[in-house]
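What's in target-v4.csv: CSV, C-alpha atoms and all ligand atoms
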chain,number,residue,atom,x,y,z
A,1388,MET,CA,0.0,0.0,0.0
A,1389,LYS,CA,1.2,3.5,-0.8
A,1390,LYS,CA,2.2,5.3,2.4
A,1391,SER,CA,-0.1,8.3,2.2
A,1392,LYS,CA,-3.0,6.2,1.0
A,1393,GLY,CA,-2.3,3.6,3.7
A,1394,LEU,CA,-2.3,6.3,6.4
A,1395,LEU,CA,-5.5,7.8,5.2
A,1396,PHE,CA,-7.1,4.4,5.2
A,1397,ARG,CA,-6.0,3.8,8.8
A,1398,ILE,CA,-7.3,7.2,9.9
A,1399,LYS,CA,-10.6,6.3,8.4
A,1400,CYS,CA,-10.6,2.9,10.2
A,1401,ILE,CA,-9.7,4.4,13.6
A,1402,ASN,CA,-12.4,7.0,13.3
A,1403,SER,CA,-14.9,4.6,11.9
A,1404,ILE,CA,-15.5,6.7,8.8
A,1405,LEU,CA,-14.7,4.3,6.0
A,1406,PRO,CA,-17.5,4.7,3.5
A,1407,THR,CA,-19.7,1.8,4.5
A,1408,LYS,CA,-23.3,2.1,3.5
A,1409,ASP,CA,-24.4,3.6,6.8
A,1410,ILE,CA,-21.8,6.4,6.3
A,1411,CYS,CA,-22.8,6.9,2.6
A,1412,PHE,CA,-26.4,7.1,3.7
A,1413,LEU,CA,-25.6,9.7,6.3
A,1414,ARG,CA,-23.8,11.8,3.7
A,1415,ASN,CA,-26.3,11.4,1.0
A,1416,PRO,CA,-29.7,9.9,2.0
A,1417,THR,CA,-31.4,10.7,-1.3
A,1418,LEU,CA,-28.9,8.8,-3.3
A,1419,TYR,CA,-28.4,5.8,-1.0
A,1420,LYS,CA,-32.0,5.5,0.3
A,1421,ASN,CA,-31.1,3.3,3.3
A,1422,GLN,CA,-28.2,1.8,5.3
A,1423,ARG,CA,-28.9,-1.7,4.2
A,1424,CYS,CA,-25.8,-3.9,3.5
A,1425,ILE,CA,-25.6,-4.6,-0.2
A,1426,ALA,CA,-23.9,-8.0,0.3
A,1427,CYS,CA,-26.6,-9.6,2.6
A,1428,LEU,CA,-29.5,-7.2,2.5
A,1429,ARG,CA,-30.3,-8.1,6.0
A,1430,ASN,CA,-28.5,-5.7,8.3
A,1431,ASP,CA,-27.3,-2.2,8.0
A,1432,GLU,CA,-23.7,-2.0,6.8
A,1433,SER,CA,-21.2,-0.6,9.2
A,1434,LEU,CA,-17.5,-1.3,9.8
A,1435,TYR,CA,-18.5,-3.7,12.6
A,1436,HIS,CA,-21.1,-5.5,10.4
A,1437,ILE,CA,-18.3,-6.2,7.9
A,1438,ALA,CA,-16.3,-7.6,10.9
A,1439,GLU,CA,-18.9,-10.0,12.1
A,1440,TYR,CA,-21.1,-10.9,9.1
A,1441,GLU,CA,-20.7,-14.6,8.1
A,1442,ILE,CA,-20.7,-13.8,4.4
A,1443,TYR,CA,-17.1,-12.6,4.7
A,1444,VAL,CA,-15.9,-15.4,6.9
A,1445,LYS,CA,-13.7,-17.1,4.4
A,1446,ILE,CA,-12.0,-13.8,3.4
A,1447,TRP,CA,-11.4,-13.0,7.1
A,1448,LYS,CA,-9.9,-16.4,7.8
A,1449,ASN,CA,-7.5,-16.1,4.9
A,1450,LEU,CA,-6.5,-12.5,5.6
A,1451,GLU,CA,-5.9,-13.0,9.3
A,1452,GLU,CA,-3.8,-16.1,8.6
A,1453,GLU,CA,-1.8,-14.0,6.1
A,1454,ALA,CA,-1.3,-11.2,8.6
A,1455,LEU,CA,-0.1,-13.7,11.2
A,1456,GLN,CA,2.3,-15.3,8.8
A,1457,LEU,CA,3.7,-11.9,7.7
A,1458,THR,CA,4.1,-10.9,11.3
A,1459,GLY,CA,6.0,-14.1,11.9
A,1460,LEU,CA,8.3,-13.3,9.1
A,1461,GLN,CA,8.9,-9.8,10.3
A,1462,THR,CA,9.6,-10.8,13.9
A,1463,ILE,CA,12.3,-13.1,12.5
A,1464,THR,CA,13.9,-10.4,10.3
A,1465,LYS,CA,13.4,-7.4,12.5
A,1466,LEU,CA,13.3,-8.7,16.1
A,1467,ASP,CA,15.4,-11.8,15.5
A,1468,PHE,CA,13.1,-14.4,17.1
A,1469,ALA,CA,10.6,-17.0,15.8
A,1470,LEU,CA,6.9,-17.0,16.7
A,1471,GLU,CA,4.6,-19.8,16.0
A,1472,ASP,CA,1.6,-18.7,13.9
A,1473,LYS,CA,-0.8,-20.7,16.0
A,1474,SER,CA,0.3,-19.4,19.3
A,1475,LEU,CA,0.3,-15.9,18.0
A,1476,ARG,CA,-3.2,-16.4,16.7
A,1477,ILE,CA,-4.5,-17.5,20.1
A,1478,ALA,CA,-2.6,-14.7,21.9
A,1479,ILE,CA,-4.2,-12.1,19.6
A,1480,PHE,CA,-7.7,-13.5,18.9
A,1481,GLY,CA,-8.3,-15.8,21.9
A,1482,ASN,CA,-9.9,-19.2,21.6
A,1483,GLU,CA,-13.6,-18.4,21.2
A,1484,LEU,CA,-15.5,-17.1,18.3
A,1485,ASN,CA,-17.0,-14.2,20.3
A,1486,SER,CA,-13.6,-13.0,21.5
A,1487,HIS,CA,-12.2,-13.5,18.1
A,1488,ILE,CA,-14.8,-11.1,16.5
A,1489,GLN,CA,-14.5,-8.7,19.4
A,1490,ASN,CA,-10.8,-8.5,18.9
A,1491,ARG,CA,-11.1,-8.2,15.2
A,1492,LYS,CA,-13.4,-5.1,15.7
A,1493,MET,CA,-11.0,-3.5,18.1
A,1494,LEU,CA,-8.0,-4.2,15.7
A,1495,LEU,CA,-9.9,-2.6,12.9
A,1496,ARG,CA,-10.1,0.5,15.1
A,1497,GLY,CA,-6.4,0.3,15.8
A,1498,LEU,CA,-6.9,-0.9,19.4
A,1499,THR,CA,-5.0,-3.7,21.2
A,1500,SER,CA,-5.8,-4.8,24.7
A,1501,ILE,CA,-3.8,-5.4,27.9
A,1502,LYS,CA,-4.9,-9.0,27.7
A,1503,GLN,CA,-3.4,-9.3,24.2
A,1504,GLN,CA,-0.2,-7.7,25.4
A,1505,ARG,CA,-0.1,-10.1,28.4
A,1506,GLU,CA,-0.7,-13.1,26.1
A,1507,VAL,CA,1.9,-12.1,23.5
A,1508,MET,CA,4.4,-11.4,26.4
A,1509,LYS,CA,4.1,-15.1,27.3
A,1510,LEU,CA,5.6,-15.8,23.9
A,1511,THR,CA,8.2,-13.1,23.8
A,1512,SER,CA,9.0,-13.0,27.5
A,1513,SER,CA,9.5,-9.2,27.2
A,1514,LYS,CA,7.0,-6.4,27.3
A,1515,ARG,CA,9.0,-4.3,24.8
A,1516,LYS,CA,9.1,-7.2,22.3
A,1517,ALA,CA,5.4,-7.9,22.8
A,1518,ASN,CA,4.5,-4.3,22.0
A,1519,LYS,CA,6.6,-4.5,18.9
A,1520,VAL,CA,4.9,-7.7,17.8
A,1521,LEU,CA,1.5,-6.2,18.3
A,1522,THR,CA,2.5,-3.1,16.3
A,1523,ILE,CA,3.8,-5.2,13.4
A,1524,PHE,CA,0.7,-7.4,13.5
A,1525,LEU,CA,-1.7,-4.4,13.5
A,1526,GLU,CA,0.1,-3.0,10.5
A,1527,GLN,CA,-0.2,-6.3,8.6
A,1528,PHE,CA,-3.8,-6.8,9.7
A,1529,TRP,CA,-4.8,-3.4,8.2
A,1530,THR,CA,-2.9,-4.0,5.0
A,1531,CYS,CA,-4.4,-7.4,4.5
A,1532,PHE,CA,-7.9,-6.1,5.4
A,1533,PHE,CA,-7.5,-3.4,2.8
A,1534,GLU,CA,-6.1,-5.7,0.1
A,1535,ARG,CA,-8.2,-8.8,0.7
A,1536,LEU,CA,-11.5,-7.6,2.0
A,1537,TRP,CA,-12.1,-3.8,1.6
A,1538,LYS,CA,-11.2,-3.8,-2.1
A,1539,PHE,CA,-13.5,-6.7,-2.7
A,1540,ARG,CA,-16.3,-5.0,-0.8
A,1541,CYS,CA,-15.7,-1.9,-2.9
A,1542,GLU,CA,-16.1,-3.9,-6.1
A,1543,ILE,CA,-19.5,-5.0,-4.9
A,1544,MET,CA,-20.4,-1.5,-3.9
A,1545,ILE,CA,-19.3,-0.1,-7.3
A,1546,GLU,CA,-21.5,-2.7,-9.1
A,1547,TRP,CA,-24.4,-1.8,-6.8
A,1548,GLU,CA,-24.0,1.9,-7.5
A,1549,LYS,CA,-24.0,1.1,-11.2
A,1550,ARG,CA,-27.2,-0.8,-10.9
A,1551,ASN,CA,-28.7,2.0,-9.1
A,1552,ASN,CA,-27.5,4.7,-11.5
A,1553,ILE,CA,-25.3,6.3,-9.0
A,1554,SER,CA,-22.3,7.9,-10.8
A,1555,ALA,CA,-19.1,9.3,-9.3
A,1556,ARG,CA,-20.3,12.8,-10.4
A,1557,GLU,CA,-23.6,12.3,-8.6
A,1558,LYS,CA,-21.9,11.3,-5.4
A,1559,LYS,CA,-20.1,14.7,-5.4
A,1560,THR,CA,-23.1,16.9,-6.3
A,1561,LYS,CA,-25.3,16.2,-3.4
A,1562,ARG,CA,-29.0,16.2,-3.8
A,1563,LYS,CA,-28.9,17.9,-7.1
A,1564,ARG,CA,-30.3,15.2,-9.3
A,1565,LYS,CA,-32.0,15.4,-12.6
A,1566,ARG,CA,-35.6,14.3,-13.0
A,1567,ALA,CA,-34.5,11.8,-15.7
A,1568,ASN,CA,-32.4,9.9,-13.2
A,1569,LEU,CA,-35.2,9.7,-10.7
A,1570,ASP,CA,-37.5,8.2,-13.2
A,1571,LYS,CA,-34.9,5.7,-14.2
A,1572,GLU,CA,-34.6,4.6,-10.6
A,1573,ASN,CA,-38.3,4.3,-10.1
A,1574,CYS,CA,-38.9,1.8,-12.8
A,1575,ARG,CA,-37.4,-1.6,-11.8
A,1576,PRO,CA,-36.7,-4.3,-14.3
A,1577,PRO,CA,-39.8,-6.6,-14.7
A,1578,ASP,CA,-38.1,-9.8,-13.3
A,1579,ALA,CA,-37.1,-8.0,-10.1
A,1580,GLU,CA,-40.7,-7.2,-9.3
A,1581,LYS,CA,-41.8,-10.8,-9.4
A,1582,LYS,CA,-39.4,-11.9,-6.7
A,1583,THR,CA,-40.2,-11.7,-3.1
A,1584,LYS,CA,-37.9,-9.9,-0.7
A,1585,LYS,CA,-36.6,-13.2,0.7
A,1586,GLU,CA,-35.8,-14.6,-2.8
A,1587,LYS,CA,-34.0,-11.4,-3.6
A,1588,GLU,CA,-32.0,-11.7,-0.5
A,1589,ILE,CA,-31.0,-15.3,-1.3
A,1590,ASP,CA,-30.1,-14.3,-4.9
A,1591,ILE,CA,-27.8,-11.5,-3.8
A,1592,GLN,CA,-26.2,-13.5,-1.0
A,1593,GLY,CA,-25.5,-16.4,-3.4
A,1594,GLU,CA,-24.0,-14.0,-6.0
A,1595,VAL,CA,-21.8,-12.5,-3.3
A,1596,CYS,CA,-20.7,-15.9,-2.1
A,1597,LYS,CA,-19.7,-17.0,-5.6
A,1598,LYS,CA,-17.8,-13.7,-6.0
A,1599,ILE,CA,-16.0,-14.4,-2.7
A,1600,ASP,CA,-14.8,-17.8,-3.9
A,1601,LYS,CA,-13.6,-16.3,-7.2
A,1602,TRP,CA,-11.9,-13.5,-5.4
A,1603,ILE,CA,-10.1,-15.8,-3.1
A,1604,ALA,CA,-9.0,-18.0,-6.0
A,1605,TYR,CA,-8.1,-15.5,-8.5
A,1606,GLY,CA,-7.7,-12.1,-6.8
A,1607,SER,CA,-9.1,-8.9,-8.1
A,1608,LYS,CA,-10.8,-8.4,-11.5
A,1609,GLU,CA,-9.2,-6.7,-14.4
A,1610,GLU,CA,-11.5,-3.7,-14.0
A,1611,TRP,CA,-10.1,-3.1,-10.6
A,1612,SER,CA,-6.8,-1.8,-12.1
A,1613,GLN,CA,-8.2,1.7,-12.4
A,1614,PHE,CA,-8.7,1.9,-8.6
A,1615,LYS,CA,-5.5,0.1,-7.7
A,1616,LEU,CA,-3.0,1.8,-5.6
A,1617,LYS,CA,0.2,2.6,-7.4
B,1,ZN,ZN,-24.3,-7.7,5.2
Starting from the file, give its structure as structure tokens.
Ligand SMILES: [Zn+2]
Amino acid sequence: MKKSKGLLFRIKCINSILPTKDICFLRNPTLYKNQRCIACLRNDESLYHIAEYEIYVKIWKNLEEEALQLTGLQTITKLDFALEDKSLRIAIFGNELNSHIQNRKMLLRGLTSIKQQREVMKLTSSKRKANKVLTIFLEQFWTCFFERLWKFRCEIMIEWEKRNNISAREKKTKRKRKRANLDKENCRPPDAEKKTKKEKEIDIQGEVCKKIDKWIAYGSKEEWSQFKLK
């Protein structure tokens, strides 16, 4: 990640102002209509929803493993000692699903706990080293979150915006929309109307799951290149 862009991304995470749908809606209610998550259609989309919603579980698993491995590599090269991925995972995320998700949410906000510090200290037998390990991990965690999950989620969002006739220009010119666009938005394609809300939910979720598998297997799409960081 480019340094300045990476810093900006982190600042947004820490302040919980990444443009998730709840934030988009707050900024532009006319355009976004509601806070509903576009990947599951069930809950409102916030940063914490992304952290806990099961649809992203595979991506989370992979990206957290990657962050742990990268941390392991860096502790060898920078701090000159070896850490086992598995012990580090338990020290950082705990053993239970609830604590795992809770810790993930805190890490997203750039926060580590005394408990994590204590647990990592058991592996490093020094407070200074434990703090360094946590700092390295947080860095890797954010980078992997950005590269593996946030980019993917942005692809879905871009597709959703296209479907809803929301252009980049419109996002900037708040609440000044042309009548023509409103009309376009009001008439739905005929097949969408026949489907119930539940069916639509299942459709979208299935589509997102397929995309997740593809994303994990092949990485980002060609079209992504225009948004890619240099
Ligand atoms: Zn969702």
Atom pair atom CA of A:Phe1524 / atom CA of A:Lys1598: separation (Å): 27.6 Å
Given 7 Å and only C-alpha atoms and all ligand atoms, residues near ligand ZN 1 (chain B) as a list in words: Cys1424, Ile1425, Ala1426, Cys1427, Leu1428, Arg1429, Asn1430, Asp1431, Glu1432, His1436, Ile1437 and Tyr1440 of chain A
Counting only C-alpha atoms, the option among A:Ile1589, A:Glu1557, A:Arg1496, A:Phe1468 closest to A:Leu1418: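 Under the stated criterion, the closest residue is A:Glu1557.
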Polymer residues at most 10 Å from stretch 1442-1452 of chain A, all atoms listed in the file, same-chain spacing of 2 or more positions, as a PyMOL selection string: chain A and resi 1426-1427+1436-1440+1454-1458+1472-1473+1476+1480+1491+1524+1527-1536+1539-1540+1592-1593+1595-1596+1599-1600+1602-1603
Of the listed residues A:Arg1556, A:Leu1460, A:Asn1551, A:Ser1474, that which approaches A:Leu1510 most closely, counting only C-alpha atoms: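 Selected residue with least distance to A:Leu1510: A:Ser1474.
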Interatomic distance (Å, one decimal) between atom CA of A:Tyr1435 and atom CA of A:Met1508: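 Result for atom CA of A:Tyr1435 versus atom CA of A:Met1508: 27.8 Å, one decimal.
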Selection near A:Ser1486, 12 Å with only C-alpha atoms, sequence-local residues under 3 positions removed, as a list of chain:residue names: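 Neighbouring residues, sequence-local ones excluded: A:Glu1439, A:Arg1476, A:Ile1477, A:Ala1478, A:Ile1479, A:Phe1480, A:Gly1481, A:Asn1482, A:Glu1483, A:Gln1489, A:Asn1490, A:Arg1491, A:Lys1492, A:Met1493, A:Leu1494, A:Ser1500, A:Lys1502, A:Gln1503.
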Can you fill out stretch 1498-1532 of chain A with N, CA and C atoms and hand it back as a PDB file, in the frame of the given file?
ATOM      1  N   LEU A1498      -6.999  -0.740  17.909  1.00  0.00           N
ATOM      2  CA  LEU A1498      -6.900  -0.900  19.400  1.00  0.00           C
ATOM      3  C   LEU A1498      -6.390  -2.334  19.706  1.00  0.00           C
ATOM      4  N   THR A1499      -5.417  -2.394  20.599  1.00  0.00           N
ATOM      5  CA  THR A1499      -5.000  -3.700  21.200  1.00  0.00           C
ATOM      6  C   THR A1499      -5.288  -3.621  22.675  1.00  0.00           C
ATOM      7  N   SER A1500      -5.446  -4.793  23.302  1.00  0.00           N
ATOM      8  CA  SER A1500      -5.800  -4.800  24.700  1.00  0.00           C
ATOM      9  C   SER A1500      -4.632  -5.212  25.604  1.00  0.00           C
ATOM     10  N   ILE A1501      -4.814  -4.924  26.907  1.00  0.00           N
ATOM     11  CA  ILE A1501      -3.800  -5.400  27.900  1.00  0.00           C
ATOM     12  C   ILE A1501      -3.718  -6.881  27.878  1.00  0.00           C
ATOM     13  N   LYS A1502      -4.877  -7.512  27.689  1.00  0.00           N
ATOM     14  CA  LYS A1502      -4.900  -9.000  27.700  1.00  0.00           C
ATOM     15  C   LYS A1502      -4.047  -9.508  26.511  1.00  0.00           C
ATOM     16  N   GLN A1503      -4.210  -8.900  25.349  1.00  0.00           N
ATOM     17  CA  GLN A1503      -3.400  -9.300  24.200  1.00  0.00           C
ATOM     18  C   GLN A1503      -1.911  -9.125  24.498  1.00  0.00           C
ATOM     19  N   GLN A1504      -1.609  -7.994  25.094  1.00  0.00           N
ATOM     20  CA  GLN A1504      -0.200  -7.700  25.400  1.00  0.00           C
ATOM     21  C   GLN A1504       0.341  -8.769  26.376  1.00  0.00           C
ATOM     22  N   ARG A1505      -0.484  -9.110  27.382  1.00  0.00           N
ATOM     23  CA  ARG A1505      -0.100 -10.100  28.400  1.00  0.00           C
ATOM     24  C   ARG A1505       0.162 -11.476  27.684  1.00  0.00           C
ATOM     25  N   GLU A1506      -0.778 -11.826  26.793  1.00  0.00           N
ATOM     26  CA  GLU A1506      -0.700 -13.100  26.100  1.00  0.00           C
ATOM     27  C   GLU A1506       0.546 -13.181  25.181  1.00  0.00           C
ATOM     28  N   VAL A1507       0.771 -12.098  24.437  1.00  0.00           N
ATOM     29  CA  VAL A1507       1.900 -12.100  23.500  1.00  0.00           C
ATOM     30  C   VAL A1507       3.222 -12.095  24.330  1.00  0.00           C
ATOM     31  N   MET A1508       3.184 -11.458  25.509  1.00  0.00           N
ATOM     32  CA  MET A1508       4.400 -11.400  26.400  1.00  0.00           C
ATOM     33  C   MET A1508       4.787 -12.828  26.811  1.00  0.00           C
ATOM     34  N   LYS A1509       3.803 -13.703  26.959  1.00  0.00           N
ATOM     35  CA  LYS A1509       4.100 -15.100  27.300  1.00  0.00           C
ATOM     36  C   LYS A1509       4.989 -15.731  26.229  1.00  0.00           C
ATOM     37  N   LEU A1510       4.814 -15.268  24.981  1.00  0.00           N
ATOM     38  CA  LEU A1510       5.600 -15.800  23.900  1.00  0.00           C
ATOM     39  C   LEU A1510       6.927 -15.150  23.693  1.00  0.00           C
ATOM     40  N   THR A1511       6.961 -13.858  24.022  1.00  0.00           N
ATOM     41  CA  THR A1511       8.200 -13.100  23.800  1.00  0.00           C
ATOM     42  C   THR A1511       9.047 -12.928  25.015  1.00  0.00           C
ATOM     43  N   SER A1512       8.422 -13.173  26.148  1.00  0.00           N
ATOM     44  CA  SER A1512       9.000 -13.000  27.500  1.00  0.00           C
ATOM     45  C   SER A1512       9.666 -11.579  27.656  1.00  0.00           C
ATOM     46  N   SER A1513       9.117 -10.606  26.929  1.00  0.00           N
ATOM     47  CA  SER A1513       9.500  -9.200  27.200  1.00  0.00           C
ATOM     48  C   SER A1513       8.412  -8.291  26.715  1.00  0.00           C
ATOM     49  N   LYS A1514       8.132  -7.306  27.539  1.00  0.00           N
ATOM     50  CA  LYS A1514       7.000  -6.400  27.300  1.00  0.00           C
ATOM     51  C   LYS A1514       7.330  -5.561  26.001  1.00  0.00           C
ATOM     52  N   ARG A1515       8.568  -5.140  25.889  1.00  0.00           N
ATOM     53  CA  ARG A1515       9.000  -4.300  24.800  1.00  0.00           C
ATOM     54  C   ARG A1515       8.783  -5.093  23.447  1.00  0.00           C
ATOM     55  N   LYS A1516       9.221  -6.348  23.450  1.00  0.00           N
ATOM     56  CA  LYS A1516       9.100  -7.200  22.300  1.00  0.00           C
ATOM     57  C   LYS A1516       7.595  -7.453  21.971  1.00  0.00           C
ATOM     58  N   ALA A1517       6.823  -7.672  23.014  1.00  0.00           N
ATOM     59  CA  ALA A1517       5.400  -7.900  22.800  1.00  0.00           C
ATOM     60  C   ALA A1517       4.723  -6.740  22.152  1.00  0.00           C
ATOM     61  N   ASN A1518       5.068  -5.549  22.614  1.00  0.00           N
ATOM     62  CA  ASN A1518       4.500  -4.300  22.000  1.00  0.00           C
ATOM     63  C   ASN A1518       4.900  -4.227  20.532  1.00  0.00           C
ATOM     64  N   LYS A1519       6.145  -4.569  20.235  1.00  0.00           N
ATOM     65  CA  LYS A1519       6.600  -4.500  18.900  1.00  0.00           C
ATOM     66  C   LYS A1519       5.851  -5.509  17.988  1.00  0.00           C
ATOM     67  N   VAL A1520       5.677  -6.705  18.516  1.00  0.00           N
ATOM     68  CA  VAL A1520       4.900  -7.700  17.800  1.00  0.00           C
ATOM     69  C   VAL A1520       3.529  -7.252  17.477  1.00  0.00           C
ATOM     70  N   LEU A1521       2.889  -6.676  18.488  1.00  0.00           N
ATOM     71  CA  LEU A1521       1.500  -6.200  18.300  1.00  0.00           C
ATOM     72  C   LEU A1521       1.458  -5.065  17.265  1.00  0.00           C
ATOM     73  N   THR A1522       2.452  -4.200  17.309  1.00  0.00           N
ATOM     74  CA  THR A1522       2.500  -3.100  16.300  1.00  0.00           C
ATOM     75  C   THR A1522       2.664  -3.656  14.913  1.00  0.00           C
ATOM     76  N   ILE A1523       3.580  -4.615  14.768  1.00  0.00           N
ATOM     77  CA  ILE A1523       3.800  -5.200  13.400  1.00  0.00           C
ATOM     78  C   ILE A1523       2.499  -5.914  12.987  1.00  0.00           C
ATOM     79  N   PHE A1524       1.884  -6.647  13.909  1.00  0.00           N
ATOM     80  CA  PHE A1524       0.700  -7.400  13.500  1.00  0.00           C
ATOM     81  C   PHE A1524      -0.433  -6.411  13.071  1.00  0.00           C
ATOM     82  N   LEU A1525      -0.630  -5.348  13.822  1.00  0.00           N
ATOM     83  CA  LEU A1525      -1.700  -4.400  13.500  1.00  0.00           C
ATOM     84  C   LEU A1525      -1.466  -3.817  12.071  1.00  0.00           C
ATOM     85  N   GLU A1526      -0.226  -3.525  11.785  1.00  0.00           N
ATOM     86  CA  GLU A1526       0.100  -3.000  10.500  1.00  0.00           C
ATOM     87  C   GLU A1526      -0.240  -4.022   9.361  1.00  0.00           C
ATOM     88  N   GLN A1527       0.135  -5.257   9.577  1.00  0.00           N
ATOM     89  CA  GLN A1527      -0.200  -6.300   8.600  1.00  0.00           C
ATOM     90  C   GLN A1527      -1.663  -6.567   8.503  1.00  0.00           C
ATOM     91  N   PHE A1528      -2.311  -6.523   9.645  1.00  0.00           N
ATOM     92  CA  PHE A1528      -3.800  -6.800   9.700  1.00  0.00           C
ATOM     93  C   PHE A1528      -4.494  -5.728   8.844  1.00  0.00           C
ATOM     94  N   TRP A1529      -4.118  -4.475   8.993  1.00  0.00           N
ATOM     95  CA  TRP A1529      -4.800  -3.400   8.200  1.00  0.00           C
ATOM     96  C   TRP A1529      -4.491  -3.553   6.720  1.00  0.00           C
ATOM     97  N   THR A1530      -3.224  -3.829   6.392  1.00  0.00           N
ATOM     98  CA  THR A1530      -2.900  -4.000   5.000  1.00  0.00           C
ATOM     99  C   THR A1530      -3.662  -5.139   4.362  1.00  0.00           C
ATOM    100  N   CYS A1531      -3.699  -6.268   5.068  1.00  0.00           N
ATOM    101  CA  CYS A1531      -4.400  -7.400   4.500  1.00  0.00           C
ATOM    102  C   CYS A1531      -5.922  -7.156   4.462  1.00  0.00           C
ATOM    103  N   PHE A1532      -6.457  -6.480   5.462  1.00  0.00           N
ATOM    104  CA  PHE A1532      -7.900  -6.100   5.400  1.00  0.00           C
ATOM    105  C   PHE A1532      -8.175  -5.259   4.196  1.00  0.00           C
TER     106      PHE A1532
END
